[in-house]
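Enquirer: Please see the structure below; I have some questions.
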Amino acid sequence: MSTPLLEVNKLQMHFPVKEGILLRASKSNRAVDDVSLTIRPGETLGLVGESGCGKSTLGRCISRLYTPTGGKVLFEGTDITHLRGKALMPHRRHIQMIFQDPMESLNARHTVGEILEEPFIIHKLGDKAFRSQRVRGLLDTVGLPARSATRYPFEFSGGQRQRIGIARAIALNPRLIVCDEPVSALDVSIQSQVLNLLNDLQQEFKLAYLFIAHDLAVVKHISDRVAIMYLGKIVETADAETIYRQPRHPYTRSLISAIPVPDPHRKVQRQVLEGDVPSPIDPPSGCAFHPRCPEAIARCKVEAPELIAVDGDHQSACHLSECP
Amino acid sequence: MPQLEVDSLVTEFDTDEGRVRAVDGVSFSVEAGETLGIVGESGCGKSVTAHSIMRLLPQPMGKIVSGAVRFAGRDLTTLPIAEMEKVRGNDIGMVFQEPMTALNPVQTIGKQLTEVMLLHRDISADQAIRDAVEILARVGIPSPDVRMGEYPHQLSGGMRQRVVIAIALACEPALLIADEPTTALDVTIQAQILELIRELQADMGMAVILITHDLGVIAETSNNVVVMYAGRVAEQGSVYDIFDRPAHPYTQGLLASIPRLETEPKSRLSIIEGMVPSLQDLPSGCRFQNRCTHAIAACGEQAPAIETIADQHRVSCGRWREL
């Protein structure tokens with residue numbers, strides 16, 4: 001096995017919750033709680049979970065938009081958890097992000113050319129001629145005409161804007177791109193275009209992706225391995241095929257069974273989960289999933305299960321998967 | 001007789017760039033107890049169709065230019081506003097995508113729910129409260145009597161959508177129009193809401209029009225399907241016609257382009273090249289021609305008429321016979 005590109009070790013991101021007249025931080029929102037994962041070079045790790053499970057926060061800790069409150073982020077063996085300013089810069093180049101809504105992540109007052117040029121200026125790479133040549137190259141790579149450089153983001157459709165966001169992310173030849181719901185806002189026919197583009201770019205530039213999404217079918221399609229997150233913790237991880245064929249965690253099973261299947265002949269026996277995701281400020285005791293779990297036993301209420309190997313690379317955090 | 005019949009509906013908007021035809025000759029019908037799915041991408045006119053039925057088009061820009069919407073023997077397009085107000089909420093309920101914008105943030109759940117009952121039904125305030133608690137319980141809201149006194153922000157997204165459904169169903173309408181009712185929700189909550197709509201439909205026997213971009217949701221809920229593209233119907237038929245025997249290249253392309261759980265990871269998805277034409281700048285002839293792999297010169301000359309393939313399976317493609 002090759003050395004991991006990214007190693008996340010017991011990562012915690014706790015946001016203080018200010019309450020009362022004095023706004024004392026008496027509680028904390030445990031958005032990410034003891035998460036460990038690795039991403040190998042050129043690999044896609046899919047990260048799936050429902051709103052508020054902490055998947056975006058985890059992505060932002062890895063790209064160091066947030067400074068984690070605990071644990072470590074190792075990128076190519078270097079601990080980048082607490083690096084700041086100039087010390088962080090060389091690593092920033094290699095970890096880029098793509099966001100869900102490109103309209104909000106692209107500066108509306110800059111032309112596409114200026115947006116794509118900016119990473120080179122920030123990292124002091126090349127002269128004006130080099131930069132404009134790279135901008136043309138980037139536009140071509142993501143399938144946009146060269147004349148796009150002089151236009152503004154609002155002149156593009158959602159799918160094209162996402163291509164601009166992707167072009168910006170790959171500008172500096174990064175090794176890892178954190179993709180936070182990159183296709184969730186796109187129409188079906190455009191979504192498949194963008195997914196194919198991401199796959200092509202990965203092959204061409206040997207990129208690794210952390211692909212964050214709530215749509216398990218999309219994630220399974222693009223990922224080598226998948227991690228399922230619930231209330232700040234990873235509850236199951238395995239390769240993409242296994243997690244779908246042999247899910248071990250009851251939460252993964254109910255997520256899969258909740259996906260509407262585009263086949264009218266298939267009458268799914270749906271296991272509808274009761275209730276909502278609990279608040280990470282005041283998580284349930286024991287296993288956080290136990291109040292919604294159809295298979296919960298007494299032990300689940302008191303003891304939190306560890307994420308343990310069930311079969312090779314396949315890990316699950318459930319008391320029941322310990323004894324299959 | 002169908003519960004609702006939309007006949008050659010044409011809706012236009014006045015915009016800064018001139019007049020735009022958002023819905024162009026759309027026809028379909030839905031029977032009591034049945035679910036009709038309307039599927040299409042952003043800007044295809046599916047929501048405008050729903051708003052036209054309800055006469056909720058933004059004023060003064062939006063206008064129904066021609067066509068009819070027949071509901072219970074009346075044409076809703078020509079009904080006086082006062083009459084239409086009696087239809088909305090009473091005979092036809094509506095559920096929108098974002099429950100937070102559909103609910104009034106400064107009124108309690110109870111107030112919003114009893115308001116619609118008191119408006120349409122001849123009941124006392126006490127009776128309305130009792131009925132409201134009952135319908136909240138029916139849509140699966142725990143401790144409904146407590147929730148009556150709470151505000152929308154105190155509820156989760158899934159619970160809010162249940163409240164919106166409760167309001168839409170408060171007067172037991174004959175037709176429910178649900179416009180992307182689960183798009184803003186998580187999959188496990190989506191499953192709960194779709195199940196709820198199904199149960200209530202079975203109980204109350206209402207007709208449902210479900211508008212969505214999600215073909216999975218359509219396959220699971222709908223009896224009949226209308227596929228819309230750039231303001232027109234591309235294809236319509238039973239859910240089996242659409243998924244087993246899609247005749248329009250757009251429907252075929254859509255079905256082929258969705259990632260499914262069964263497909264090989266990292267395989268290439270088949271795609272529909274290009275993008276939807278702008279309504280301000282529509283091509284003459286077939287509107288799908290610029291993205292269609294089967295397009296020929298004739299497709300650019302004349303807009304294809306909607307033709308019947310079998311029973312209710314209809315397609316608007318000049319080449320369906322050959323393809």
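Residues in the structure tokens are named by chain (A, B, ... in the order shown) and by number from 1 within that chain; ligands are numbered from 1 in the order shown.
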What's the 12 Å shell around Asp311 in chain B, counting only C-alpha atoms, without same-chain residues fewer than 2 positions away, as a ChimeraX atom specification?
Expert: /B:236-238,241,307-309,313-315
Enquirer: Could you write those residues out with N, CA and C atoms, as a PDB file, in the first residue's frame?
Expert:
```pdb
ATOM      1  N   GLN B 236     -45.226  11.887 -22.892  1.00  0.00           N
ATOM      2  CA  GLN B 236     -46.063  11.567 -21.747  1.00  0.00           C
ATOM      3  C   GLN B 236     -46.623  10.161 -21.886  1.00  0.00           C
ATOM      4  N   GLY B 237     -46.934   9.568 -20.757  1.00  0.00           N
ATOM      5  CA  GLY B 237     -47.454   8.211 -20.800  1.00  0.00           C
ATOM      6  C   GLY B 237     -47.489   7.631 -19.407  1.00  0.00           C
ATOM      7  N   SER B 238     -47.756   6.326 -19.323  1.00  0.00           N
ATOM      8  CA  SER B 238     -47.734   5.686 -18.018  1.00  0.00           C
ATOM      9  C   SER B 238     -46.289   5.619 -17.558  1.00  0.00           C
ATOM     10  N   ASP B 241     -44.469   3.222 -19.621  1.00  0.00           N
ATOM     11  CA  ASP B 241     -44.140   3.718 -20.966  1.00  0.00           C
ATOM     12  C   ASP B 241     -42.843   4.511 -20.910  1.00  0.00           C
ATOM     13  N   GLU B 307     -47.673  13.169 -31.015  1.00  0.00           N
ATOM     14  CA  GLU B 307     -48.342  12.044 -31.672  1.00  0.00           C
ATOM     15  C   GLU B 307     -48.526  10.886 -30.705  1.00  0.00           C
ATOM     16  N   THR B 308     -49.582  10.114 -30.929  1.00  0.00           N
ATOM     17  CA  THR B 308     -49.858   8.991 -30.046  1.00  0.00           C
ATOM     18  C   THR B 308     -49.125   7.749 -30.531  1.00  0.00           C
ATOM     19  N   ILE B 309     -48.400   7.097 -29.603  1.00  0.00           N
ATOM     20  CA  ILE B 309     -47.714   5.856 -29.928  1.00  0.00           C
ATOM     21  C   ILE B 309     -48.648   4.689 -29.633  1.00  0.00           C
ATOM     22  N   HIS B 313     -49.621   6.855 -24.364  1.00  0.00           N
ATOM     23  CA  HIS B 313     -48.210   7.152 -24.580  1.00  0.00           C
ATOM     24  C   HIS B 313     -48.065   8.064 -25.794  1.00  0.00           C
ATOM     25  N   ARG B 314     -47.623   9.299 -25.529  1.00  0.00           N
ATOM     26  CA  ARG B 314     -47.514  10.274 -26.615  1.00  0.00           C
ATOM     27  C   ARG B 314     -46.136  10.894 -26.634  1.00  0.00           C
ATOM     28  N   VAL B 315     -45.686  11.235 -27.829  1.00  0.00           N
ATOM     29  CA  VAL B 315     -44.337  11.775 -27.950  1.00  0.00           C
ATOM     30  C   VAL B 315     -44.327  12.928 -28.942  1.00  0.00           C
TER      31      VAL B 315
END
```
Enquirer: Which residues of range 238-305 of chain B come within 10 Å of range 240-252 of chain A, and what is each one's closest atom pair and distance in Å (one decimal), counting only C-alpha atoms, sorted by chain and residue number, as a tab-separated table?
Expert:
```
residue	atom	partner	partner_atom	distance
B:Leu261	CA	A:Tyr244	CA	7.4
B:Glu262	CA	A:Tyr244	CA	8.8
B:Thr263	CA	A:Glu241	CA	9.6
B:Glu264	CA	A:Glu241	CA	8.2
B:Pro265	CA	A:Ala240	CA	7.1
B:Lys266	CA	A:Ala240	CA	9.8
```
Enquirer: Run DSSP on the backbone of this structure and report the residues of range 160-220 of chain B it assigns to strand (DSSP E or B), as a list in words.
Expert: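 Checking each residue of range 160-220 of chain B, the strand (DSSP E or B) ones are Leu175, Leu176, Ile177, Ala178, Asp179, Ala207, Val208, Ile209, Leu210, Ile211 and Thr212 of chain B.
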Enquirer: What are the residues of chain A that have an atom within 6 Å of an atom of chain B, counting only C-alpha atoms, as a ChimeraX atom specification?
Expert: /A:50,187,189,192-193,217-218,221-222,258,260-264
Enquirer: Those same residues, written as a PDB file, in the first residue's frame with C-alpha atoms?
Expert:
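See again_3.pdb below for the written result:
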```
ATOM      1  CA  GLU A  50     -27.316  14.075   5.951  1.00  0.00           C
ATOM      2  CA  ASP A 187     -29.718  19.539 -13.375  1.00  0.00           C
ATOM      3  CA  SER A 189     -28.172  16.207 -17.679  1.00  0.00           C
ATOM      4  CA  SER A 192     -23.464  13.795 -15.568  1.00  0.00           C
ATOM      5  CA  GLN A 193     -21.310  16.147 -17.690  1.00  0.00           C
ATOM      6  CA  ALA A 217     -25.797   7.073  -5.924  1.00  0.00           C
ATOM      7  CA  VAL A 218     -23.599   9.944  -7.122  1.00  0.00           C
ATOM      8  CA  HIS A 221     -20.432   6.375  -8.899  1.00  0.00           C
ATOM      9  CA  ILE A 222     -17.375   8.588  -8.490  1.00  0.00           C
ATOM     10  CA  ALA A 258     -34.147   5.534   1.250  1.00  0.00           C
ATOM     11  CA  PRO A 260     -35.568   6.463  -4.758  1.00  0.00           C
ATOM     12  CA  VAL A 261     -34.758   3.999  -7.532  1.00  0.00           C
ATOM     13  CA  PRO A 262     -35.496   5.094 -11.107  1.00  0.00           C
ATOM     14  CA  ASP A 263     -37.231   1.838 -11.953  1.00  0.00           C
ATOM     15  CA  PRO A 264     -41.005   1.583 -11.605  1.00  0.00           C
TER      16      PRO A 264
END
```
Enquirer: Identify, on the basis of only C-alpha atoms, every residue whose closest approach to range 107-121 of chain B does not exceed 12 Å; exclude the query and any residue fewer than 4 positions from it along the same chain; express the result as a PyMOL selection string.
Expert: chain B and resi 83+85-93+100+102-103+125-136+141+144-155+159-173
Enquirer: Take the selection from the previous step and output its residues with C-alpha atoms, as a CSV table (one decimal), in the first residue's frame.
Expert:
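Contents of out_15.csv, freshly written:
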```
chain,number,residue,atom,x,y,z
B,83,GLU,CA,-64.2,32.1,-6.9
B,85,GLU,CA,-59.7,31.9,-3.8
B,86,LYS,CA,-62.4,29.4,-2.7
B,87,VAL,CA,-60.8,26.8,-4.9
B,88,ARG,CA,-57.2,27.3,-3.5
B,89,GLY,CA,-56.7,25.6,-0.2
B,90,ASN,CA,-60.1,24.1,-0.3
B,91,ASP,CA,-60.4,22.1,-3.5
B,92,ILE,CA,-56.8,22.2,-4.5
B,93,GLY,CA,-54.0,22.1,-1.9
B,100,MET,CA,-39.7,27.8,5.5
B,102,ALA,CA,-44.3,28.7,2.6
B,103,LEU,CA,-44.9,29.2,6.3
B,125,ALA,CA,-62.8,28.1,16.4
B,126,ASP,CA,-62.8,25.3,19.0
B,127,GLN,CA,-63.7,22.8,16.3
B,128,ALA,CA,-60.9,24.1,14.1
B,129,ILE,CA,-58.4,23.7,16.9
B,130,ARG,CA,-59.5,20.1,17.5
B,131,ASP,CA,-59.4,19.3,13.8
B,132,ALA,CA,-55.9,21.0,13.5
B,133,VAL,CA,-54.5,18.8,16.3
B,134,GLU,CA,-56.0,15.8,14.6
B,135,ILE,CA,-54.5,16.5,11.2
B,136,LEU,CA,-51.0,17.3,12.7
B,141,ILE,CA,-46.1,15.2,14.1
B,144,PRO,CA,-49.3,17.9,18.1
B,145,ASP,CA,-51.1,19.9,20.8
B,146,VAL,CA,-47.7,21.3,21.9
B,147,ARG,CA,-46.6,22.0,18.4
B,148,MET,CA,-49.8,24.0,17.8
B,149,GLY,CA,-48.3,26.8,19.9
B,150,GLU,CA,-44.9,26.7,18.3
B,151,TYR,CA,-43.4,28.8,15.5
B,152,PRO,CA,-41.9,27.3,12.2
B,153,HIS,CA,-38.3,28.0,13.3
B,154,GLN,CA,-38.7,25.7,16.2
B,155,LEU,CA,-39.3,22.7,13.9
B,159,MET,CA,-41.4,18.6,10.4
B,160,ARG,CA,-42.0,21.9,8.7
B,161,GLN,CA,-42.8,20.1,5.4
B,162,ARG,CA,-45.2,17.9,7.4
B,163,VAL,CA,-46.9,21.1,8.6
B,164,VAL,CA,-47.1,22.5,5.1
B,165,ILE,CA,-48.7,19.2,4.0
B,166,ALA,CA,-51.1,19.4,6.9
B,167,ILE,CA,-52.2,22.9,5.8
B,168,ALA,CA,-52.6,21.8,2.2
B,169,LEU,CA,-54.7,18.8,3.3
B,170,ALA,CA,-56.7,20.6,6.1
B,171,CYS,CA,-59.8,20.9,3.9
B,172,GLU,CA,-59.4,17.5,2.3
B,173,PRO,CA,-58.8,18.8,-1.2
```
Enquirer: I'd like the contact shell of Asp101 in chain A - 9 Å cut-off, only C-alpha atoms, skipping same-chain residues fewer than 5 positions apart - returned as a PyMOL selection string.
Expert: chain A and resi 106+158+161-162+181-185
